[in-house]
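Undergrad: Quick one, data-v9.txt (compact mmCIF, C-alpha atoms):
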# COMPACT_ATOMS: atom_id res chain seq x y z
CA GLY A 1 -15.47 134.98 31.63
CA ALA A 2 -12.34 132.84 31.25
CA THR A 3 -10.40 131.38 34.15
CA ALA A 4 -6.68 130.78 34.47
CA LYS A 5 -4.36 129.17 36.98
CA ILE A 6 -1.08 130.92 37.65
CA LYS A 7 1.58 129.44 39.88
CA LEU A 8 2.85 132.42 41.84
CA SER A 9 5.36 130.64 44.01
CA LYS A 10 6.37 127.19 45.08
CA ALA A 11 6.65 126.52 48.79
CA ILE A 12 9.97 124.80 49.38
CA ASP A 13 8.73 123.43 52.68
CA VAL A 14 5.81 121.60 51.07
CA GLN A 15 6.84 118.62 48.95
CA THR A 16 4.67 116.72 46.51
CA GLY A 17 5.02 113.50 44.58
CA ASN A 18 2.89 111.37 42.28
CA ASP A 19 3.21 107.64 41.56
CA GLU A 20 1.13 105.49 39.23
CA GLU A 21 1.18 101.79 38.45
CA ILE A 22 -0.75 99.50 36.17
CA VAL A 23 -2.56 97.09 38.47
CA LEU A 24 -4.45 95.09 35.84
CA ARG A 25 -4.49 94.62 32.09
CA GLU A 26 -7.60 92.87 30.87
CA ALA A 27 -6.75 90.27 28.25
CA ASN A 28 -10.22 90.58 26.73
CA LYS A 29 -10.05 92.68 23.62
CA ARG A 30 -12.52 95.43 22.88
CA ARG A 31 -13.09 96.16 19.23
CA VAL A 32 -13.83 99.79 18.39
CA ASN A 33 -13.81 101.16 14.82
CA ASN A 34 -12.03 98.01 13.53
CA ARG A 35 -9.22 98.40 16.07
CA ASP A 36 -8.44 96.21 19.06
CA TYR A 37 -8.04 97.69 22.53
CA GLU A 38 -7.51 96.30 25.99
CA VAL A 39 -8.45 97.90 29.29
CA GLY A 40 -5.64 98.97 31.61
CA LYS A 41 -6.48 99.72 35.23
CA ILE A 42 -4.19 102.25 36.84
CA LYS A 43 -3.84 103.09 40.51
CA GLY A 44 -2.16 106.31 41.57
CA LYS A 45 -1.15 108.14 44.73
CA ILE A 46 -0.37 111.77 45.35
CA LYS A 47 1.80 112.39 48.40
CA ILE A 48 2.09 115.82 50.02
CA VAL A 49 4.32 116.57 53.03
CA ASN A 50 3.95 119.78 55.04
CA TYR A 51 7.29 120.65 56.64
CA GLN A 52 5.99 124.01 57.85
CA SER A 53 5.25 124.76 61.50
CA LYS A 54 1.70 125.82 60.67
CA PRO A 55 -1.26 124.12 58.97
CA ILE A 56 -1.79 124.81 55.28
CA LYS A 57 -4.83 124.70 53.02
CA ILE A 58 -4.08 123.26 49.62
CA SER A 59 -5.96 122.70 46.36
CA ILE A 60 -4.83 119.67 44.38
CA SER A 61 -5.91 118.79 40.85
CA LYS A 62 -4.93 115.75 38.79
CA THR A 63 -5.81 115.36 35.12
CA VAL A 64 -6.19 111.79 33.86
CA ASN A 65 -6.85 110.53 30.35
CA GLY A 66 -9.27 107.72 31.20
CA LYS A 67 -12.41 106.84 33.14
CA VAL A 68 -12.04 107.61 36.85
CA THR A 69 -13.24 104.62 38.90
CA GLY A 70 -12.24 105.90 42.33
CA SER A 71 -10.80 108.86 44.19
CA GLU A 72 -10.45 109.30 47.93
CA ASN A 73 -12.81 112.16 48.82
CA GLY A 74 -12.11 113.97 45.57
CA THR A 75 -14.54 115.45 43.08
CA THR A 76 -14.27 114.40 39.44
CA THR A 77 -15.07 116.59 36.46
CA VAL A 78 -15.37 115.02 33.00
CA LEU A 79 -14.15 117.37 30.28
CA PRO A 80 -15.29 117.25 26.66
CA ASN A 81 -12.94 114.96 24.75
CA LYS A 82 -11.05 117.37 22.52
CA ASN A 83 -8.76 114.66 21.15
CA THR A 84 -11.31 112.98 18.86
CA TYR A 85 -9.20 113.91 15.84
CA TYR A 86 -6.55 111.52 17.14
CA MET A 87 -9.18 108.80 17.79
CA ASN A 88 -8.79 109.10 21.55
CA LEU A 89 -11.51 106.95 23.07
CA ASN A 90 -10.66 107.85 26.65
CA ASP A 91 -12.39 110.57 28.62
CA ILE A 92 -10.39 113.46 30.00
CA ASN A 93 -11.06 113.89 33.72
CA ILE A 94 -9.89 116.24 36.43
CA ILE A 95 -9.91 115.07 40.04
CA LYS A 96 -9.83 117.89 42.61
CA TRP A 97 -9.20 117.90 46.33
CA GLU A 98 -9.35 120.74 48.88
CA LYS A 99 -7.43 119.71 52.00
CA GLU A 100 -5.86 121.09 55.13
CA ILE A 101 -2.54 119.56 56.14
CA LYS A 102 -1.30 119.89 59.69
CA PRO A 103 2.31 120.77 60.50
CA LYS A 104 4.78 117.93 59.85
CA GLU A 105 1.93 115.82 58.41
CA THR A 106 2.02 113.63 55.30
CA LEU A 107 -1.15 113.42 53.23
CA THR A 108 -1.65 110.62 50.71
CA LEU A 109 -4.51 110.80 48.20
CA GLY A 110 -5.41 107.78 46.10
CA TYR A 111 -7.20 107.50 42.79
CA GLU A 112 -7.93 104.84 40.16
CA TYR A 113 -8.85 104.97 36.52
CA GLU A 114 -9.30 102.78 33.45
CA VAL A 115 -7.84 103.50 30.06
CA LEU A 116 -8.32 101.86 26.68
CA VAL A 117 -4.96 100.92 25.14
CA PHE A 118 -4.51 100.26 21.42
CA ILE A 119 -2.93 96.82 20.95
CA ASN A 120 -2.50 96.40 17.18
Once more with this new file: its structure as structure tokens, please.

TA:
Amino acid sequence: GATAKIKLSKAIDVQTGNDEEIVLREANKRRVNNRDYEVGKIKGKIKIVNYQSKPIKISISKTVNGKVTGSENGTTTVLPNKNTYYMNLNDINIIKWEKEIKPKETLTLGYEYEVLVFIN
């Protein structure tokens, strides 16, 4: 009943990239278990370019360690937090997209999430 993902090959004529930036750090502290945290808001983009002469169907998944606050037409799955031993207060989420990319087309997918950051 288990599932696995195996990368069989990498298309050299399909390029991908991922950029993230912190767009806001809330100065208000949050106190959890006698520790101070601040909220960081992160905005990311996944860029995929199809250099092939035919359309492609692609499945994209992005795992984030934080609360997803937005994703462009993606579905979000919250996983059980398996890092509680390390006092990880952030959820583990997977954002998934199923897209078709036309020949010579660039697809950009955006997402946003919040993460609690330990400050002392």

Undergrad: Would you compute the distance between atom CA of A:Thr77 and atom CA of A:Val23? Give it in Å to one decimal.

TA: 23.3 Å

Undergrad: For a test of reading the model, state the distance in Å between atom CA of A:Asn18 and atom CA of A:Ile48, rounded to one decimal.

TA: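 A separation of 9.0 Å between them.
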
Undergrad: Please identify all polymer residues within 7 Å of A:Val68, counting all atoms listed in the file, omitting same-chain residues fewer than 4 positions from it, and present them as a list of chain:residue names.

TA: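 Neighbouring residues, sequence-local ones excluded: A:Glu112, A:Tyr113, A:Glu114.
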
Undergrad: Which of these, A:Thr63, A:Asn50, A:Asn93, A:Thr75, has the shortest distance to A:Gln15 once you count all atoms listed in the file?

TA: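 When distances to A:Gln15 are compared using all atoms listed in the file, the smallest one comes from A:Asn50.
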
Undergrad: What's around A:Gly74 at 9 Å? Count all atoms listed in the file, leave out sequence neighbours fewer than 5 positions away in its own chain, and write the answer as a ChimeraX atom specification.

TA: /A:95-98,109,111

Undergrad: Would you save the residues of that selection, restricted to C-alpha atoms, as a PDB file, in the frame of the given file?

TA:
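The resulting file, again_32.pdb, is reproduced below:
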ATOM      1  CA  ILE A  95      -9.910 115.070  40.040  1.00  0.00           C
ATOM      2  CA  LYS A  96      -9.830 117.890  42.610  1.00  0.00           C
ATOM      3  CA  TRP A  97      -9.200 117.900  46.330  1.00  0.00           C
ATOM      4  CA  GLU A  98      -9.350 120.740  48.880  1.00  0.00           C
ATOM      5  CA  LEU A 109      -4.510 110.800  48.200  1.00  0.00           C
ATOM      6  CA  TYR A 111      -7.200 107.500  42.790  1.00  0.00           C
TER       7      TYR A 111
END

Undergrad: So that I can see what lies close to A:Leu107, please list as a ChimeraX atom specification the residues with an atom at most 8 Å from it, counting all atoms listed in the file and leaving out residues fewer than 4 positions away in the same chain.

TA: /A:47-49,101

Undergrad: Using Å and a single decimal, report how far atom CA of A:Phe118 sits from atom CA of A:Asn65.

TA: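 Between atom CA of A:Asn65 and atom CA of A:Phe118 the gap is 13.8 Å.
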
Undergrad: Between A:Leu116, A:Lys104, A:Asp91, A:Thr76, which residue has the minimum interatomic distance to A:Ile56, considering all atoms listed in the file?

TA: A:Lys104

Undergrad: I need the residue nearest A:Ser61 from this list: A:Lys99, A:Ala2, A:Asp19, A:Asn28. Use only C-alpha atoms for the distance.

TA: A:Lys99

Undergrad: Between A:Asn90, A:Thr16, A:Gln52, A:Ser71, which residue has the minimum interatomic distance to A:Val39, considering only C-alpha atoms?

TA: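 Counting only C-alpha atoms, the residue closest to A:Val39 is A:Asn90.
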
Undergrad: Go through A:Leu24, A:Val78, A:Ile46, A:Ile58 one by one, measure the shortest atom-to-atom distance of each to A:Val115 using all atoms listed in the file, and give the residue with the smallest value.

TA: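 For A:Val115, the nearest of the candidates is A:Leu24.
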
Undergrad: I need the residue nearest A:Tyr37 from this list: A:Leu89, A:Glu105, A:Leu79, A:Thr69. Use all atoms listed in the file for the distance.

TA: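 When distances to A:Tyr37 are compared using all atoms listed in the file, the smallest one comes from A:Leu89.
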
Undergrad: Excluding A:Asp36 and its own-chain neighbours fewer than 2 positions away, which residues fall within 8 Å of it when counting all atoms listed in the file? Please give them as a list in words.

TA: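 In the requested format, the answer is Lys29, Arg30, Arg31, Val32, Asn34, Glu38, Phe118, Ile119 and Asn120 of chain A.
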
Undergrad: Filtering to C-alpha atoms, could you give me those residues as an mmCIF file, in the frame of the given file?

TA:
data_model
loop_
_atom_site.group_PDB
_atom_site.id
_atom_site.type_symbol
_atom_site.label_atom_id
_atom_site.label_comp_id
_atom_site.auth_asym_id
_atom_site.auth_seq_id
_atom_site.Cartn_x
_atom_site.Cartn_y
_atom_site.Cartn_z
ATOM 1 C CA LYS A 29 -10.050 92.680 23.620
ATOM 2 C CA ARG A 30 -12.520 95.430 22.880
ATOM 3 C CA ARG A 31 -13.090 96.160 19.230
ATOM 4 C CA VAL A 32 -13.830 99.790 18.390
ATOM 5 C CA ASN A 34 -12.030 98.010 13.530
ATOM 6 C CA GLU A 38 -7.510 96.300 25.990
ATOM 7 C CA PHE A 118 -4.510 100.260 21.420
ATOM 8 C CA ILE A 119 -2.930 96.820 20.950
ATOM 9 C CA ASN A 120 -2.500 96.400 17.180
#

Undergrad: Please complete stretch 65-79 of chain A so it has N, CA, C and O atoms, and hand it over as an mmCIF file, keeping the file's coordinate frame.

TA:
data_model
loop_
_atom_site.group_PDB
_atom_site.id
_atom_site.type_symbol
_atom_site.label_atom_id
_atom_site.label_comp_id
_atom_site.auth_asym_id
_atom_site.auth_seq_id
_atom_site.Cartn_x
_atom_site.Cartn_y
_atom_site.Cartn_z
ATOM 1 N N ASN A 65 -6.284 110.842 31.653
ATOM 2 C CA ASN A 65 -6.850 110.530 30.350
ATOM 3 C C ASN A 65 -7.415 109.119 30.433
ATOM 4 O O ASN A 65 -6.781 108.153 30.058
ATOM 5 N N GLY A 66 -8.612 109.000 30.993
ATOM 6 C CA GLY A 66 -9.270 107.720 31.200
ATOM 7 C C GLY A 66 -10.494 107.905 32.064
ATOM 8 O O GLY A 66 -10.799 109.009 32.511
ATOM 9 N N LYS A 67 -11.186 106.803 32.333
ATOM 10 C CA LYS A 67 -12.410 106.840 33.140
ATOM 11 C C LYS A 67 -12.055 106.664 34.609
ATOM 12 O O LYS A 67 -11.540 105.617 35.008
ATOM 13 N N VAL A 68 -12.335 107.679 35.425
ATOM 14 C CA VAL A 68 -12.040 107.610 36.850
ATOM 15 C C VAL A 68 -12.999 106.617 37.507
ATOM 16 O O VAL A 68 -14.209 106.715 37.357
ATOM 17 N N THR A 69 -12.427 105.638 38.219
ATOM 18 C CA THR A 69 -13.240 104.620 38.900
ATOM 19 C C THR A 69 -13.180 104.785 40.412
ATOM 20 O O THR A 69 -13.919 104.114 41.122
ATOM 21 N N GLY A 70 -12.317 105.659 40.905
ATOM 22 C CA GLY A 70 -12.240 105.900 42.330
ATOM 23 C C GLY A 70 -11.295 107.027 42.668
ATOM 24 O O GLY A 70 -10.274 107.204 42.007
ATOM 25 N N SER A 71 -11.685 107.818 43.665
ATOM 26 C CA SER A 71 -10.800 108.860 44.190
ATOM 27 C C SER A 71 -11.192 109.096 45.633
ATOM 28 O O SER A 71 -12.368 109.210 45.954
ATOM 29 N N GLU A 72 -10.208 109.138 46.504
ATOM 30 C CA GLU A 72 -10.450 109.300 47.930
ATOM 31 C C GLU A 72 -10.899 110.718 48.242
ATOM 32 O O GLU A 72 -10.088 111.630 48.274
ATOM 33 N N ASN A 73 -12.209 110.886 48.443
ATOM 34 C CA ASN A 73 -12.810 112.160 48.820
ATOM 35 C C ASN A 73 -12.535 113.290 47.837
ATOM 36 O O ASN A 73 -12.517 114.449 48.210
ATOM 37 N N GLY A 74 -12.321 112.941 46.587
ATOM 38 C CA GLY A 74 -12.110 113.970 45.570
ATOM 39 C C GLY A 74 -13.339 114.116 44.694
ATOM 40 O O GLY A 74 -14.182 113.227 44.623
ATOM 41 N N THR A 75 -13.455 115.249 44.034
ATOM 42 C CA THR A 75 -14.540 115.450 43.080
ATOM 43 C C THR A 75 -13.979 115.305 41.673
ATOM 44 O O THR A 75 -12.873 115.757 41.382
ATOM 45 N N THR A 76 -14.731 114.663 40.806
ATOM 46 C CA THR A 76 -14.270 114.400 39.440
ATOM 47 C C THR A 76 -15.098 115.201 38.457
ATOM 48 O O THR A 76 -16.322 115.225 38.543
ATOM 49 N N THR A 77 -14.416 115.855 37.527
ATOM 50 C CA THR A 77 -15.070 116.590 36.460
ATOM 51 C C THR A 77 -14.660 115.957 35.138
ATOM 52 O O THR A 77 -13.467 115.791 34.873
ATOM 53 N N VAL A 78 -15.653 115.587 34.320
ATOM 54 C CA VAL A 78 -15.370 115.020 33.000
ATOM 55 C C VAL A 78 -15.374 116.170 32.003
ATOM 56 O O VAL A 78 -16.341 116.912 31.889
ATOM 57 N N LEU A 79 -14.266 116.314 31.285
ATOM 58 C CA LEU A 79 -14.150 117.370 30.280
ATOM 59 C C LEU A 79 -14.570 116.829 28.923
ATOM 60 O O LEU A 79 -14.459 115.628 28.665
#
